[in-house]
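*Asks:* File data13.pdb below, PDB, C-alpha atoms, pLDDT in the B column:
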ATOM      1  CA  MET M   3     -23.863  80.748  -1.013  1.00 40.00           C
ATOM      2  CA  PHE M   4     -21.444  79.416  -3.589  1.00 45.00           C
ATOM      3  CA  ARG M   5     -23.069  77.714  -6.566  1.00 45.00           C
ATOM      4  CA  PHE M   6     -21.811  76.589  -9.917  1.00 45.00           C
ATOM      5  CA  THR M   7     -24.146  76.221 -12.858  1.00 43.00           C
ATOM      6  CA  PHE M   8     -22.167  73.435 -14.424  1.00 43.00           C
ATOM      7  CA  ALA M   9     -22.692  70.658 -11.879  1.00 41.00           C
ATOM      8  CA  ALA M  10     -23.870  68.249 -14.572  1.00 37.00           C
ATOM      9  CA  GLN M  11     -20.669  68.837 -16.495  1.00 41.00           C
ATOM     10  CA  TYR M  12     -18.697  67.767 -13.426  1.00 41.00           C
ATOM     11  CA  TYR M  13     -20.240  64.319 -13.523  1.00 39.00           C
ATOM     12  CA  VAL M  14     -19.772  63.975 -17.271  1.00 38.00           C
ATOM     13  CA  ASN M  15     -16.279  65.401 -17.508  1.00 43.00           C
ATOM     14  CA  HIS M  16     -14.953  65.535 -13.935  1.00 41.00           C
ATOM     15  CA  ASN M  17     -11.317  65.464 -14.994  1.00 44.00           C
ATOM     16  CA  ILE M  18     -11.387  69.203 -15.782  1.00 47.00           C
ATOM     17  CA  LEU M  19     -12.483  70.104 -12.277  1.00 49.00           C
ATOM     18  CA  ASP M  20     -10.958  69.983  -8.872  1.00 52.00           C
ATOM     19  CA  CYS M  21     -13.182  69.059  -5.931  1.00 73.00           C
ATOM     20  CA  LYS M  22     -11.930  72.030  -3.934  1.00 91.00           C
ATOM     21  CA  VAL M  23     -12.932  75.649  -4.438  1.00 94.00           C
ATOM     22  CA  HIS M  24      -9.919  77.882  -5.075  1.00 96.00           C
ATOM     23  CA  THR M  25      -9.415  81.620  -4.719  1.00 97.00           C
ATOM     24  CA  THR M  26      -7.816  83.388  -7.638  1.00 97.00           C
ATOM     25  CA  VAL M  27      -7.094  87.021  -8.455  1.00 98.00           C
ATOM     26  CA  LEU M  28      -7.451  88.055 -12.084  1.00 98.00           C
ATOM     27  CA  LEU M  29      -6.598  91.282 -13.865  1.00 97.00           C
ATOM     28  CA  LEU M  30      -8.606  92.360 -16.876  1.00 97.00           C
ATOM     29  CA  GLY M  31      -7.363  94.938 -19.320  1.00 95.00           C
ATOM     30  CA  GLY M  32      -7.981  96.248 -22.783  1.00 95.00           C
ATOM     31  CA  ASN M  33      -7.653  99.310 -24.978  1.00 92.00           C
ATOM     32  CA  LEU M  34      -9.661  98.559 -28.129  1.00 92.00           C
ATOM     33  CA  GLY M  35     -13.405  98.927 -28.557  1.00 93.00           C
ATOM     34  CA  PRO M  36     -15.929  99.023 -25.712  1.00 96.00           C
ATOM     35  CA  VAL M  37     -13.569  97.630 -23.057  1.00 95.00           C
ATOM     36  CA  ALA M  38     -15.909  98.056 -20.067  1.00 96.00           C
ATOM     37  CA  ALA M  39     -18.588  96.179 -22.027  1.00 96.00           C
ATOM     38  CA  HIS M  40     -16.030  93.449 -22.739  1.00 96.00           C
ATOM     39  CA  PHE M  41     -15.468  93.103 -18.979  1.00 97.00           C
ATOM     40  CA  GLU M  42     -19.229  92.622 -18.478  1.00 97.00           C
ATOM     41  CA  LYS M  43     -19.458  90.091 -21.314  1.00 97.00           C
ATOM     42  CA  ALA M  44     -16.445  88.207 -19.939  1.00 97.00           C
ATOM     43  CA  GLU M  45     -18.188  87.970 -16.585  1.00 97.00           C
ATOM     44  CA  ARG M  46     -21.300  86.478 -18.194  1.00 97.00           C
ATOM     45  CA  LEU M  47     -19.268  84.024 -20.266  1.00 97.00           C
ATOM     46  CA  LEU M  48     -17.188  82.918 -17.271  1.00 97.00           C
ATOM     47  CA  ARG M  49     -20.095  82.621 -14.836  1.00 96.00           C
ATOM     48  CA  PRO M  50     -20.369  78.813 -15.285  1.00 95.00           C
ATOM     49  CA  VAL M  51     -16.797  78.314 -14.018  1.00 96.00           C
ATOM     50  CA  LEU M  52     -16.020  81.423 -11.975  1.00 96.00           C
ATOM     51  CA  GLU M  53     -17.699  83.220  -9.090  1.00 96.00           C
ATOM     52  CA  ILE M  54     -16.589  86.833  -8.774  1.00 96.00           C
ATOM     53  CA  ARG M  55     -16.483  87.643  -5.070  1.00 96.00           C
ATOM     54  CA  ASP M  56     -15.212  91.214  -5.447  1.00 97.00           C
ATOM     55  CA  ARG M  57     -14.095  93.569  -8.190  1.00 97.00           C
ATOM     56  CA  SER M  58     -12.148  96.801  -8.210  1.00 98.00           C
ATOM     57  CA  SER M  59     -13.270  99.976  -9.864  1.00 97.00           C
ATOM     58  CA  ILE M  60     -12.185 100.360 -13.473  1.00 97.00           C
ATOM     59  CA  HIS M  61      -8.843 102.149 -13.768  1.00 97.00           C
ATOM     60  CA  ARG M  62      -7.802 104.130 -16.839  1.00 96.00           C
ATOM     61  CA  THR M  63      -4.057 103.722 -17.318  1.00 91.00           C
ATOM     62  CA  ALA M  64      -1.332 104.653 -19.749  1.00 87.00           C
ATOM     63  CA  PRO M  65      -0.170 101.813 -22.002  1.00 85.00           C
ATOM     64  CA  TRP M  66       2.818  99.836 -20.710  1.00 75.00           C
ATOM     65  CA  ARG M  67       5.763 100.068 -23.128  1.00 76.00           C
ATOM     66  CA  MET M  68       3.475 100.955 -26.048  1.00 77.00           C
ATOM     67  CA  PRO M  69       4.197 104.563 -27.100  1.00 80.00           C
ATOM     68  CA  GLY M  70       1.290 106.177 -28.925  1.00 82.00           C
ATOM     69  CA  ALA M  71      -1.197 103.431 -28.060  1.00 87.00           C
ATOM     70  CA  PRO M  72      -4.619 104.332 -26.644  1.00 92.00           C
ATOM     71  CA  PRO M  73      -5.037 104.158 -22.852  1.00 93.00           C
ATOM     72  CA  PHE M  74      -6.070 100.928 -21.177  1.00 93.00           C
ATOM     73  CA  LEU M  75      -8.881 100.131 -18.805  1.00 96.00           C
ATOM     74  CA  ASN M  76      -7.992  97.689 -16.034  1.00 97.00           C
ATOM     75  CA  GLN M  77     -10.017  95.927 -13.369  1.00 98.00           C
ATOM     76  CA  ALA M  78      -9.095  93.311 -10.756  1.00 98.00           C
ATOM     77  CA  TRP M  79     -11.419  90.472  -9.773  1.00 98.00           C
ATOM     78  CA  CYS M  80     -11.158  88.246  -6.725  1.00 98.00           C
ATOM     79  CA  CYS M  81     -12.833  84.980  -7.684  1.00 97.00           C
ATOM     80  CA  ARG M  82     -13.537  81.438  -6.662  1.00 97.00           C
ATOM     81  CA  THR M  83     -13.314  78.524  -9.049  1.00 97.00           C
ATOM     82  CA  ARG M  84     -13.124  74.758  -9.101  1.00 95.00           C
ATOM     83  CA  LEU M  85     -10.902  74.784 -12.169  1.00 96.00           C
ATOM     84  CA  ALA M  86      -7.223  73.984 -11.891  1.00 95.00           C
ATOM     85  CA  PRO M  87      -4.902  76.790 -13.071  1.00 96.00           C
ATOM     86  CA  ASN M  88      -4.300  75.381 -16.566  1.00 96.00           C
ATOM     87  CA  GLU M  89      -8.007  74.777 -17.179  1.00 96.00           C
ATOM     88  CA  LEU M  90      -8.803  78.260 -15.913  1.00 97.00           C
ATOM     89  CA  LEU M  91      -6.224  79.739 -18.283  1.00 96.00           C
ATOM     90  CA  THR M  92      -7.770  77.831 -21.197  1.00 96.00           C
ATOM     91  CA  LYS M  93     -11.236  79.214 -20.338  1.00 97.00           C
ATOM     92  CA  LEU M  94      -9.894  82.761 -19.975  1.00 97.00           C
ATOM     93  CA  GLN M  95      -8.124  82.598 -23.332  1.00 94.00           C
ATOM     94  CA  ALA M  96     -11.268  81.265 -25.034  1.00 95.00           C
ATOM     95  CA  VAL M  97     -13.238  84.247 -23.676  1.00 96.00           C
ATOM     96  CA  GLU M  98     -10.517  86.672 -24.820  1.00 92.00           C
ATOM     97  CA  GLN M  99     -10.703  85.246 -28.330  1.00 92.00           C
ATOM     98  CA  LYS M 100     -14.509  85.230 -28.374  1.00 94.00           C
ATOM     99  CA  LEU M 101     -14.422  88.941 -27.542  1.00 93.00           C
ATOM    100  CA  GLY M 102     -11.987  89.765 -30.344  1.00 84.00           C
ATOM    101  CA  ARG M 103      -8.491  89.149 -29.067  1.00 80.00           C
ATOM    102  CA  VAL M 104      -6.116  88.000 -31.755  1.00 76.00           C
ATOM    103  CA  PRO M 105      -3.270  85.739 -30.607  1.00 74.00           C
ATOM    104  CA  GLN M 106      -0.051  87.719 -30.419  1.00 68.00           C
ATOM    105  CA  THR M 107       2.520  87.323 -33.143  1.00 66.00           C
ATOM    106  CA  GLY M 108       6.041  88.534 -32.572  1.00 60.00           C
ATOM    107  CA  ALA M 109       7.656  90.178 -29.589  1.00 62.00           C
ATOM    108  CA  GLY M 110       6.418  93.158 -27.623  1.00 64.00           C
ATOM    109  CA  TYR M 111       3.016  94.300 -26.505  1.00 74.00           C
ATOM    110  CA  GLN M 112      -0.039  94.916 -28.663  1.00 81.00           C
ATOM    111  CA  ASN M 113      -3.387  96.674 -28.488  1.00 82.00           C
ATOM    112  CA  ARG M 114      -6.230  94.368 -27.480  1.00 86.00           C
ATOM    113  CA  PRO M 115      -9.940  94.409 -26.746  1.00 91.00           C
ATOM    114  CA  LEU M 116      -9.511  92.125 -23.727  1.00 94.00           C
ATOM    115  CA  ASP M 117      -6.719  90.509 -21.775  1.00 93.00           C
ATOM    116  CA  ILE M 118      -7.307  88.430 -18.650  1.00 96.00           C
ATOM    117  CA  ASP M 119      -4.302  87.447 -16.561  1.00 95.00           C
ATOM    118  CA  ILE M 120      -4.131  85.119 -13.579  1.00 97.00           C
ATOM    119  CA  ILE M 121      -2.190  87.148 -11.022  1.00 97.00           C
ATOM    120  CA  PHE M 122      -2.603  84.853  -8.013  1.00 97.00           C
ATOM    121  CA  TYR M 123      -4.072  81.389  -7.600  1.00 97.00           C
ATOM    122  CA  GLU M 124      -4.184  80.954  -3.845  1.00 96.00           C
ATOM    123  CA  ASP M 125      -0.567  80.666  -2.688  1.00 95.00           C
ATOM    124  CA  ARG M 126       0.431  78.499  -5.627  1.00 96.00           C
ATOM    125  CA  ILE M 127       3.714  79.078  -7.434  1.00 96.00           C
ATOM    126  CA  MET M 128       3.872  77.839 -11.022  1.00 95.00           C
ATOM    127  CA  ASP M 129       6.479  78.294 -13.714  1.00 95.00           C
ATOM    128  CA  GLU M 130       5.329  76.476 -16.816  1.00 94.00           C
ATOM    129  CA  PRO M 131       5.445  77.486 -20.472  1.00 91.00           C
ATOM    130  CA  GLY M 132       2.489  79.827 -20.951  1.00 90.00           C
ATOM    131  CA  LEU M 133       1.538  80.005 -17.265  1.00 95.00           C
ATOM    132  CA  LYS M 134       3.478  81.664 -14.498  1.00 96.00           C
ATOM    133  CA  ILE M 135       1.826  82.242 -11.126  1.00 96.00           C
ATOM    134  CA  PRO M 136       2.132  84.656  -9.465  1.00 96.00           C
ATOM    135  CA  HIS M 137       2.262  86.822 -12.558  1.00 93.00           C
ATOM    136  CA  PRO M 138       5.987  87.608 -12.963  1.00 90.00           C
ATOM    137  CA  GLU M 139       5.595  91.299 -13.883  1.00 89.00           C
ATOM    138  CA  MET M 140       2.964  92.254 -11.319  1.00 94.00           C
ATOM    139  CA  THR M 141       5.386  93.759  -8.806  1.00 94.00           C
ATOM    140  CA  ARG M 142       6.563  96.386 -11.312  1.00 92.00           C
ATOM    141  CA  ARG M 143       3.158  97.390 -12.694  1.00 92.00           C
ATOM    142  CA  HIS M 144       1.077 100.053 -11.013  1.00 94.00           C
ATOM    143  CA  PHE M 145      -1.855  99.200 -13.313  1.00 94.00           C
ATOM    144  CA  VAL M 146      -1.914  95.693 -11.798  1.00 95.00           C
ATOM    145  CA  LEU M 147      -1.317  96.557  -8.155  1.00 97.00           C
ATOM    146  CA  ALA M 148      -3.607  99.603  -7.835  1.00 97.00           C
ATOM    147  CA  PRO M 149      -6.824  97.762  -8.779  1.00 97.00           C
ATOM    148  CA  MET M 150      -5.784  94.761  -6.686  1.00 97.00           C
ATOM    149  CA  ALA M 151      -5.092  96.981  -3.656  1.00 97.00           C
ATOM    150  CA  GLU M 152      -8.758  98.025  -3.692  1.00 97.00           C
ATOM    151  CA  ILE M 153     -10.063  94.502  -3.196  1.00 98.00           C
ATOM    152  CA  VAL M 154      -7.229  92.352  -1.789  1.00 97.00           C
ATOM    153  CA  PRO M 155      -4.811  94.799  -0.112  1.00 97.00           C
ATOM    154  CA  ASN M 156      -3.521  92.227   2.365  1.00 97.00           C
ATOM    155  CA  TYR M 157      -3.195  89.323  -0.066  1.00 96.00           C
ATOM    156  CA  PRO M 158       0.358  88.015   0.391  1.00 95.00           C
ATOM    157  CA  HIS M 159       2.673  87.442  -2.543  1.00 96.00           C
ATOM    158  CA  PRO M 160       3.677  83.796  -1.997  1.00 95.00           C
ATOM    159  CA  GLN M 161       7.321  84.310  -2.952  1.00 95.00           C
ATOM    160  CA  LEU M 162       8.025  87.775  -1.574  1.00 95.00           C
ATOM    161  CA  ASN M 163       5.922  87.512   1.588  1.00 94.00           C
ATOM    162  CA  LYS M 164       4.678  91.072   1.043  1.00 96.00           C
ATOM    163  CA  SER M 165       1.098  92.239   0.759  1.00 96.00           C
ATOM    164  CA  VAL M 166      -0.351  93.813  -2.367  1.00 97.00           C
ATOM    165  CA  LYS M 167      -0.570  97.192  -0.597  1.00 97.00           C
ATOM    166  CA  THR M 168       3.117  96.961   0.400  1.00 97.00           C
ATOM    167  CA  LEU M 169       4.124  96.116  -3.171  1.00 96.00           C
ATOM    168  CA  LEU M 170       2.097  99.070  -4.438  1.00 96.00           C
ATOM    169  CA  ARG M 171       3.731 101.465  -1.943  1.00 96.00           C
ATOM    170  CA  GLU M 172       7.153 100.271  -3.079  1.00 96.00           C
ATOM    171  CA  ILE M 173       6.576 101.349  -6.694  1.00 92.00           C
ATOM    172  CA  GLU M 174       4.695 104.605  -6.073  1.00 82.00           C
TER     173      GLU M 174
END
Have the structure of the file written as structure tokens, please.
*Replies:*
Amino acid sequence: MFRFTFAAQYYVNHNILDCKVHTTVLLLGGNLGPVAAHFEKAERLLRPVLEIRDRSSIHRTAPWRMPGAPPFLNQAWCCRTRLAPNELLTKLQAVEQKLGRVPQTGAGYQNRPLDIDIIFYEDRIMDEPGLKIPHPEMTRRHFVLAPMAEIVPNYPHPQLNKSVKTLLREIE
């Protein structure tokens, strides 16, 4: 059964919620501090607005374009939410910051205790400043596709009309 613990908030501030429940696929990653513990804390903090339906195992991966950086841990979540994409992004970023993420300054990638990306939000395609769905780099990143293939192998990319498992095979 699907329940949200913030029903009262809906009536007080219904403009942040959508009446429909949406499926979204998120990717968590980090390489600083107790990353697996950060994933667990993020789940607790997001519980009022996000129901995790399935999660991949935790993958240890080499840093992407960050020579000499410590390895990352990554995990994919398939979730349901009533939040619209922009509101979901705002909640995810607040959790990242609460768990120690410092907003990025400058170009390039940086070490981080927690990063949560929206990879898919149903079959929605968005290209706005700060929010692109599906995630534009996902098709080139094994560390994104491998965890996702565990839990949503047949999820179709809305622009490419290819499943996650097909996209993963293409880069292996």
*Asks:* Could you expand the PyMOL selection byres ((chain M and resi 42) around 12) into the explicit residues it covers here, written as a PyMOL selection string?
*Replies:* chain M and resi 30+36-41+43-49+54+57+60+77+79+97+101+116
*Asks:* Given the file shown, enumerate the residues that the PyMOL selection byres ((chain M and resi 133) around 9) captures and present them as a list in words.
*Replies:* Pro87, Asn88, Leu91, Ile120, Met128, Asp129, Glu130, Pro131, Gly132, Lys134, Ile135 and His137 of chain M
*Asks:* Selected by the PyMOL selection byres ((chain M and resi 124) around 8) in the shown coordinates: which residues, as a short mmCIF file (atom, residue, chain, number, x, y, z; two decimals) with C-alpha atoms, keeping the file's coordinate frame?
*Replies:*
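Output file out_5.cif is given in full below:
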data_model
loop_
_atom_site.label_atom_id
_atom_site.label_comp_id
_atom_site.auth_asym_id
_atom_site.auth_seq_id
_atom_site.Cartn_x
_atom_site.Cartn_y
_atom_site.Cartn_z
CA HIS M 24 -9.92 77.88 -5.08
CA THR M 25 -9.41 81.62 -4.72
CA THR M 26 -7.82 83.39 -7.64
CA PHE M 122 -2.60 84.85 -8.01
CA TYR M 123 -4.07 81.39 -7.60
CA ASP M 125 -0.57 80.67 -2.69
CA ARG M 126 0.43 78.50 -5.63
#
*Asks:* Around all the atoms of region 25-39 of chain M listed in the file, with 5 Å of room on each side, what axis-aligned box do you get, giving centre and edge lengths in Å to one decimal, as JSON?
*Replies:*
{"center_x": -12.6, "center_y": 90.5, "center_z": -16.6, "size_x": 22.0, "size_y": 27.7, "size_z": 33.8}
*Asks:* Figure out the distance between CA of Ala148 (chain M) and CA of Pro69 (chain M), please, to one decimal in Å.
*Replies:*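 Those two atoms sit 21.4 Å apart.
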*Asks:* Please, what distance in Å, to one decimal, runs between CA of Lys100 (chain M) and CA of Thr63 (chain M)?
*Replies:*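 If I compute the distance from CA of Lys100 (chain M) to CA of Thr63 (chain M), I get 23.9 Å.
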*Asks:* Grab the CA of Ile121 (chain M) to CA of Leu28 (chain M) distance for me, in Å with one decimal place.
*Replies:*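 We find that CA of Ile121 (chain M) and CA of Leu28 (chain M) lie 5.4 Å from each other.
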*Asks:* Find, counting all atoms listed in the file, the residue in M:Asn113, M:Thr83, M:Gln99, M:Thr141 that gets nearest to Thr168 (chain M).
*Replies:* M:Thr141
*Asks:* Neighbouring residues of Ala151 (chain M) were defined as those with any atom within 8 Å, considering all atoms listed in the file; residues of the same chain fewer than 3 positions away were excluded. Please report them as a ChimeraX atom specification.
*Replies:* /M:147-148,154-156,166-167,170
*Asks:* My list of candidates is M:Pro160, M:Gly70, M:Pro65, M:Gly32. Which is closest to Ile127 (chain M) when distances are computed with all atoms listed in the file?
*Replies:*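 That would be M:Pro160, the residue with the smallest distance to Ile127 (chain M).
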*Asks:* Nearest to Pro73 (chain M): which of M:Leu94, M:Leu34, M:Val23, M:Val51 is it, counting all atoms listed in the file?
*Replies:* M:Leu34
*Asks:* Have a look at M:Cys81, M:Leu169, M:Ala96, M:Met140 and name the one nearest to Ile153 (chain M); count only C-alpha atoms.
*Replies:* M:Cys81
*Asks:* Kindly indicate which residue among M:His61, M:Arg114, M:Lys22, M:Arg84 lies nearest to Met150 (chain M), using only C-alpha atoms for the distances.
*Replies:*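 Looking only at the distances to Met150 (chain M), the closest residue turns out to be M:His61.
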*Asks:* Near Arg62 (chain M), counting all atoms listed in the file, which residues have an atom at most 8 Å away, once you skip same-chain residues fewer than 6 positions from it, shown as a ChimeraX atom specification?
*Replies:* /M:73-76
*Asks:* Would you save region 147-167 of chain M to a file, keeping N, CA and C atoms, as a PDB file, in the first residue's frame?
*Replies:*
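The resulting file, selection_13.pdb, is reproduced below:
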ATOM      1  N   LEU M 147      24.220   3.161 -15.374  1.00  0.00           N
ATOM      2  CA  LEU M 147      23.422   2.113 -16.006  1.00  0.00           C
ATOM      3  C   LEU M 147      23.491   0.770 -15.277  1.00  0.00           C
ATOM      4  N   ALA M 148      24.646   0.406 -14.738  1.00  0.00           N
ATOM      5  CA  ALA M 148      24.763  -0.909 -14.083  1.00  0.00           C
ATOM      6  C   ALA M 148      23.832  -1.028 -12.872  1.00  0.00           C
ATOM      7  N   PRO M 149      23.817  -0.056 -11.953  1.00  0.00           N
ATOM      8  CA  PRO M 149      22.855  -0.179 -10.849  1.00  0.00           C
ATOM      9  C   PRO M 149      21.401  -0.144 -11.327  1.00  0.00           C
ATOM     10  N   MET M 150      21.120   0.690 -12.319  1.00  0.00           N
ATOM     11  CA  MET M 150      19.753   0.775 -12.831  1.00  0.00           C
ATOM     12  C   MET M 150      19.319  -0.541 -13.476  1.00  0.00           C
ATOM     13  N   ALA M 151      20.247  -1.215 -14.163  1.00  0.00           N
ATOM     14  CA  ALA M 151      19.911  -2.469 -14.842  1.00  0.00           C
ATOM     15  C   ALA M 151      19.491  -3.556 -13.856  1.00  0.00           C
ATOM     16  N   GLU M 152      19.911  -3.438 -12.606  1.00  0.00           N
ATOM     17  CA  GLU M 152      19.498  -4.407 -11.586  1.00  0.00           C
ATOM     18  C   GLU M 152      18.017  -4.280 -11.251  1.00  0.00           C
ATOM     19  N   ILE M 153      17.502  -3.072 -11.262  1.00  0.00           N
ATOM     20  CA  ILE M 153      16.140  -2.859 -10.756  1.00  0.00           C
ATOM     21  C   ILE M 153      15.128  -2.453 -11.825  1.00  0.00           C
ATOM     22  N   VAL M 154      15.583  -1.814 -12.896  1.00  0.00           N
ATOM     23  CA  VAL M 154      14.663  -1.390 -13.965  1.00  0.00           C
ATOM     24  C   VAL M 154      15.280  -1.701 -15.339  1.00  0.00           C
ATOM     25  N   PRO M 155      15.634  -2.962 -15.595  1.00  0.00           N
ATOM     26  CA  PRO M 155      16.339  -3.285 -16.836  1.00  0.00           C
ATOM     27  C   PRO M 155      15.552  -2.958 -18.103  1.00  0.00           C
ATOM     28  N   ASN M 156      14.247  -3.014 -18.021  1.00  0.00           N
ATOM     29  CA  ASN M 156      13.421  -2.784 -19.212  1.00  0.00           C
ATOM     30  C   ASN M 156      12.848  -1.378 -19.296  1.00  0.00           C
ATOM     31  N   TYR M 157      13.246  -0.508 -18.379  1.00  0.00           N
ATOM     32  CA  TYR M 157      12.744   0.868 -18.396  1.00  0.00           C
ATOM     33  C   TYR M 157      13.205   1.529 -19.695  1.00  0.00           C
ATOM     34  N   PRO M 158      12.287   2.073 -20.472  1.00  0.00           N
ATOM     35  CA  PRO M 158      12.681   2.661 -21.760  1.00  0.00           C
ATOM     36  C   PRO M 158      13.155   4.113 -21.637  1.00  0.00           C
ATOM     37  N   HIS M 159      14.239   4.406 -22.299  1.00  0.00           N
ATOM     38  CA  HIS M 159      14.699   5.794 -22.397  1.00  0.00           C
ATOM     39  C   HIS M 159      13.705   6.506 -23.307  1.00  0.00           C
ATOM     40  N   PRO M 160      13.074   7.584 -22.844  1.00  0.00           N
ATOM     41  CA  PRO M 160      11.987   8.191 -23.620  1.00  0.00           C
ATOM     42  C   PRO M 160      12.409   8.844 -24.931  1.00  0.00           C
ATOM     43  N   GLN M 161      13.680   9.146 -25.094  1.00  0.00           N
ATOM     44  CA  GLN M 161      14.128   9.750 -26.348  1.00  0.00           C
ATOM     45  C   GLN M 161      14.750   8.729 -27.287  1.00  0.00           C
ATOM     46  N   LEU M 162      15.437   7.753 -26.732  1.00  0.00           N
ATOM     47  CA  LEU M 162      16.170   6.786 -27.550  1.00  0.00           C
ATOM     48  C   LEU M 162      15.382   5.522 -27.831  1.00  0.00           C
ATOM     49  N   ASN M 163      14.293   5.323 -27.092  1.00  0.00           N
ATOM     50  CA  ASN M 163      13.464   4.128 -27.227  1.00  0.00           C
ATOM     51  C   ASN M 163      14.294   2.854 -27.089  1.00  0.00           C
ATOM     52  N   LYS M 164      15.221   2.870 -26.121  1.00  0.00           N
ATOM     53  CA  LYS M 164      16.033   1.703 -25.797  1.00  0.00           C
ATOM     54  C   LYS M 164      15.919   1.467 -24.298  1.00  0.00           C
ATOM     55  N   SER M 165      15.964   0.210 -23.907  1.00  0.00           N
ATOM     56  CA  SER M 165      15.883  -0.121 -22.494  1.00  0.00           C
ATOM     57  C   SER M 165      17.218   0.155 -21.802  1.00  0.00           C
ATOM     58  N   VAL M 166      17.163   0.215 -20.483  1.00  0.00           N
ATOM     59  CA  VAL M 166      18.372   0.414 -19.689  1.00  0.00           C
ATOM     60  C   VAL M 166      19.360  -0.709 -19.969  1.00  0.00           C
ATOM     61  N   LYS M 167      18.888  -1.960 -20.029  1.00  0.00           N
ATOM     62  CA  LYS M 167      19.819  -3.074 -20.271  1.00  0.00           C
ATOM     63  C   LYS M 167      20.449  -2.983 -21.661  1.00  0.00           C
TER      64      LYS M 167
END
